[in-house]
Amino acid sequence: MQNDVPDTGDEPRYRDRPVSFARRSGRMSDGQERAWNELGSFYLVPVERDQAVLSVRPGSAVDTETLFGRSAPVIVEIGSGQGHAIVSAAQNAPEVDFLAVEVFRAGLARTMLDAHRAGARNLRLVEANAPEVLEHLLPAASVDELWIFFSDPWHKNRHTKRRLISPDFTPLAARVLKPGGVLRLATDWEDYALQMREVMTDAAGFEPGFDGAWAPRFEGRVMTAFERKGIAKGRDIRDLVYVRTDDAR
């Protein structure tokens with residue numbers, strides 16, 4: 001859900017590996033500004049920072065039951081964009097708690113505005129670098145499902161190191177998922193889909209949750225304009241599903 005932009009090199013100064021996003025500025029609309037200021041106190045999760053702007057300080061984990069005020073299944077979407085998928089999911093499953101992780105403030109503002117209009121009170125938002133959220137903010141074995149739909153493919157050869165789904169990422173996903181928890185992936189870029197499948201085949205603590213080459217389309221993912229755009233351009237949408245295995249296996 002992110003546009004390819006020049007790699008400025010700014011973020012790696014504060015981290016030991018490249019991030020899967022590029023910082024970019026952009027003015028929010030008046031409605032987004034109002035949503036941020038008026039709704040942020042409810043929807044936004046306070047994040048203690050490390051050195052970088054979108055970092056998460058080690059040791060600053062949140063308790064999901066305290067965060068939502070109840071004990072319920074937790075679904076996390078990484079790269080929630082403008083929130084179309086997760087707001088729809090939260091509205092349709094009030095018995096589940098949802099957490100959206102995104103780095104672009106305008107998208108988060110749009111998400112909380114739409115969530116407020118939909119009456120989705122079972123949704124919270126995190127403005128932070130996703131791997132640090134999985135490593136530091138979320139407790140181990142606290143998530144029932146982890147969704148990553150259409151993360152930036154970084155299709156230029158010099159940028160593929162920035163792709164989110166990599167061998168460095170899978171231990172973080174395994175850490176937060178409960179045994180039996182589900183990791184759902186989707187992309188409209190074939191070479192990234194092949195890389196995802198290769199990475200997950202070698203990932204410790206996961207097994208495929210599908211038969212054949214690709215998983216069927218996840219029915220719980222609302223069809224967004226972003227997905228329609230990929231289809232209109234003739235790109236196939238490929239889904240993958242993996243189940244977190246018991247460490248004692």
# chains A, B, ... in the order shown; residues from 1 in each chain; ligands from 1
>>> residues_around(residues="Val182 in chain A", least_positions_apart="5", cutoff="6 Å", atoms="only C-alpha atoms", output="list in words")
Glu145, Tyr242 and Val243 of chain A
>>> write_last_selection(atoms="C-alpha atoms", output="PDB file, in the first residue's frame")
ATOM      1  CA  GLU A 145      -4.102 -13.829  13.618  1.00  0.00           C
ATOM      2  CA  TYR A 242       0.577 -20.360   7.675  1.00  0.00           C
ATOM      3  CA  VAL A 243      -0.208 -21.795  11.082  1.00  0.00           C
TER       4      VAL A 243
END
>>> select_by_dssp(residues="range 32-230 of chain A", states="strand (DSSP E)", output="MDAnalysis selection string")
chainID A and resid 74:78 97:102 123:127 143:149 177:187 206:208
>>> residues_around(residues="Pro216 in chain A", least_positions_apart="3", cutoff="10 Å", atoms="only C-alpha atoms", output="number ranges by chain")
A: 210-213, 219, 237-241
>>> residues_around(residues="range 83-92 of chain A", least_positions_apart="5", cutoff="6 Å", atoms="only C-alpha atoms", output="VMD selection string")
chain A and resid 111 115 120 221 to 222
>>> write_last_selection(atoms="N, CA and C atoms", output="compact mmCIF listing (two decimals), in the first residue's frame")
# COMPACT_ATOMS: atom_id res chain seq x y z
N THR A 111 -8.39 5.96 8.98
CA THR A 111 -8.87 4.74 9.63
C THR A 111 -9.72 5.06 10.86
N ALA A 115 -13.62 4.29 11.35
CA ALA A 115 -13.99 3.42 12.47
C ALA A 115 -15.01 4.10 13.37
N ALA A 120 -17.03 1.20 15.30
CA ALA A 120 -16.10 0.11 15.60
C ALA A 120 -15.25 0.51 16.81
N ARG A 221 -11.23 -10.73 3.88
CA ARG A 221 -10.58 -9.51 3.40
C ARG A 221 -11.51 -8.80 2.43
N VAL A 222 -11.99 -7.64 2.82
CA VAL A 222 -12.88 -6.88 1.96
C VAL A 222 -12.12 -6.47 0.70
>>> select_by_dssp(residues="range 31-243 of chain A", states="alpha helix (DSSP H)", output="JSON, numbers by chain")
{"A": [31, 32, 33, 34, 35, 36, 37, 38, 39, 40, 41, 42, 43, 64, 65, 66, 67, 68, 84, 85, 86, 87, 88, 89, 90, 91, 92, 105, 106, 107, 108, 109, 110, 111, 112, 113, 114, 115, 116, 117, 118, 130, 131, 132, 170, 171, 172, 173, 174, 175, 176, 190, 191, 192, 193, 194, 195, 196, 197, 198, 199, 200, 201, 225, 226, 227, 228, 229, 230, 231, 232]}
>>> write_last_selection(atoms="C-alpha atoms", output="compact mmCIF listing (two decimals), in the first residue's frame")
# COMPACT_ATOMS: atom_id res chain seq x y z
CA GLY A 31 -11.00 16.17 8.23
CA GLN A 32 -8.00 13.97 8.91
CA GLU A 33 -6.48 16.60 11.19
CA ARG A 34 -9.73 16.79 13.16
CA ALA A 35 -9.92 13.00 13.39
CA TRP A 36 -6.35 12.81 14.64
CA ASN A 37 -6.92 15.45 17.30
CA GLU A 38 -10.41 14.42 18.39
CA LEU A 39 -10.32 10.63 18.07
CA GLY A 40 -6.67 9.86 18.70
CA SER A 41 -7.09 9.69 22.47
CA PHE A 42 -9.35 6.67 22.04
CA TYR A 43 -7.93 4.88 19.01
CA THR A 64 -3.89 -6.37 25.07
CA GLU A 65 -6.56 -7.14 27.66
CA THR A 66 -5.87 -3.84 29.38
CA LEU A 67 -5.76 -2.06 26.03
CA PHE A 68 -9.21 -3.27 24.98
CA HIS A 84 -10.59 -0.22 4.65
CA ALA A 85 -9.94 -3.90 5.37
CA ILE A 86 -9.54 -3.68 9.13
CA VAL A 87 -12.44 -1.29 9.74
CA SER A 88 -14.74 -3.59 7.79
CA ALA A 89 -13.44 -6.61 9.71
CA ALA A 90 -13.84 -4.88 13.08
CA GLN A 91 -17.37 -3.78 12.22
CA ASN A 92 -18.34 -7.32 11.17
CA ARG A 105 -0.35 9.30 9.68
CA ALA A 106 -2.89 10.31 7.04
CA GLY A 107 -3.88 6.66 6.63
CA LEU A 108 -4.26 6.25 10.38
CA ALA A 109 -6.39 9.39 10.57
CA ARG A 110 -8.66 8.08 7.82
CA THR A 111 -8.87 4.74 9.63
CA MET A 112 -10.01 6.23 12.92
CA LEU A 113 -12.48 8.51 11.15
CA ASP A 114 -14.08 5.57 9.33
CA ALA A 115 -13.99 3.42 12.47
CA HIS A 116 -15.75 6.13 14.43
CA ARG A 117 -18.44 6.48 11.77
CA ALA A 118 -18.89 2.69 11.71
CA ALA A 130 6.02 -3.08 12.32
CA PRO A 131 8.99 -5.34 13.21
CA GLU A 132 9.56 -3.30 16.38
CA THR A 170 9.52 -14.69 10.57
CA PRO A 171 10.86 -15.13 14.15
CA LEU A 172 9.09 -11.91 15.12
CA ALA A 173 5.81 -13.15 13.65
CA ALA A 174 6.28 -16.50 15.40
CA ARG A 175 6.96 -14.71 18.68
CA VAL A 176 3.64 -12.87 18.88
CA GLU A 190 4.31 -12.58 -8.46
CA ASP A 191 8.00 -12.43 -7.59
CA TYR A 192 7.20 -11.19 -4.08
CA ALA A 193 4.63 -13.96 -3.67
CA LEU A 194 7.28 -16.51 -4.66
CA GLN A 195 9.73 -14.96 -2.18
CA MET A 196 7.10 -15.03 0.57
CA ARG A 197 6.42 -18.71 -0.05
CA GLU A 198 10.12 -19.54 -0.09
CA VAL A 199 10.77 -17.63 3.13
CA MET A 200 7.82 -19.23 4.92
CA THR A 201 8.75 -22.72 3.74
CA ALA A 225 -9.70 -0.21 -4.43
CA PHE A 226 -6.05 -1.18 -4.06
CA GLU A 227 -6.80 -4.85 -4.78
CA ARG A 228 -9.11 -3.94 -7.67
CA LYS A 229 -6.35 -1.79 -9.16
CA GLY A 230 -3.96 -4.75 -9.19
CA ILE A 231 -6.55 -6.95 -10.85
CA ALA A 232 -7.32 -4.24 -13.42
>>> closest_residue(among="A:Lys161, A:Leu99, A:Leu146, A:Ser29", to="Val62 in chain A", atoms="only C-alpha atoms")
A:Leu99
>>> residues_around(residues="Ser71 in chain A", least_positions_apart="5", cutoff="12 Å", atoms="only C-alpha atoms", output="MDAnalysis selection string")
chainID A and resid 63:66 95:97 122 142:143
>>> closest_atom_pairs(of="range 95-145 of chain A", to="range 51-58 of chain A", cutoff="12 Å", atoms="only C-alpha atoms", output="tab-separated table")
residue	atom	partner	partner_atom	distance
A:Val101	CA	A:Leu54	CA	11.1
A:Glu102	CA	A:Leu54	CA	9.8
A:Val103	CA	A:Leu54	CA	7.2
A:Phe104	CA	A:Leu54	CA	10.0
A:Arg105	CA	A:Leu54	CA	10.9
A:Val126	CA	A:Leu54	CA	9.8
A:Glu127	CA	A:Leu54	CA	6.8
A:Ala128	CA	A:Leu54	CA	4.5
A:Asn129	CA	A:Leu54	CA	5.6
A:Ala130	CA	A:Ser55	CA	8.9
A:Pro131	CA	A:Val56	CA	9.3
A:Glu132	CA	A:Val56	CA	5.7
A:Val133	CA	A:Val56	CA	6.5
A:Leu134	CA	A:Val56	CA	9.6
A:Glu135	CA	A:Pro58	CA	8.0
A:His136	CA	A:Pro58	CA	5.2
A:Leu137	CA	A:Val56	CA	6.8
A:Leu138	CA	A:Val56	CA	10.5
A:Pro139	CA	A:Pro58	CA	11.6
>>> atom_distance(atom1="CA of Gly81 in chain A", atom2="CA of Ala140 in chain A")
24.9 Å
>>> atom_distance(atom1="CA of Gly69 in chain A", atom2="CA of Gly181 in chain A")
21.6 Å
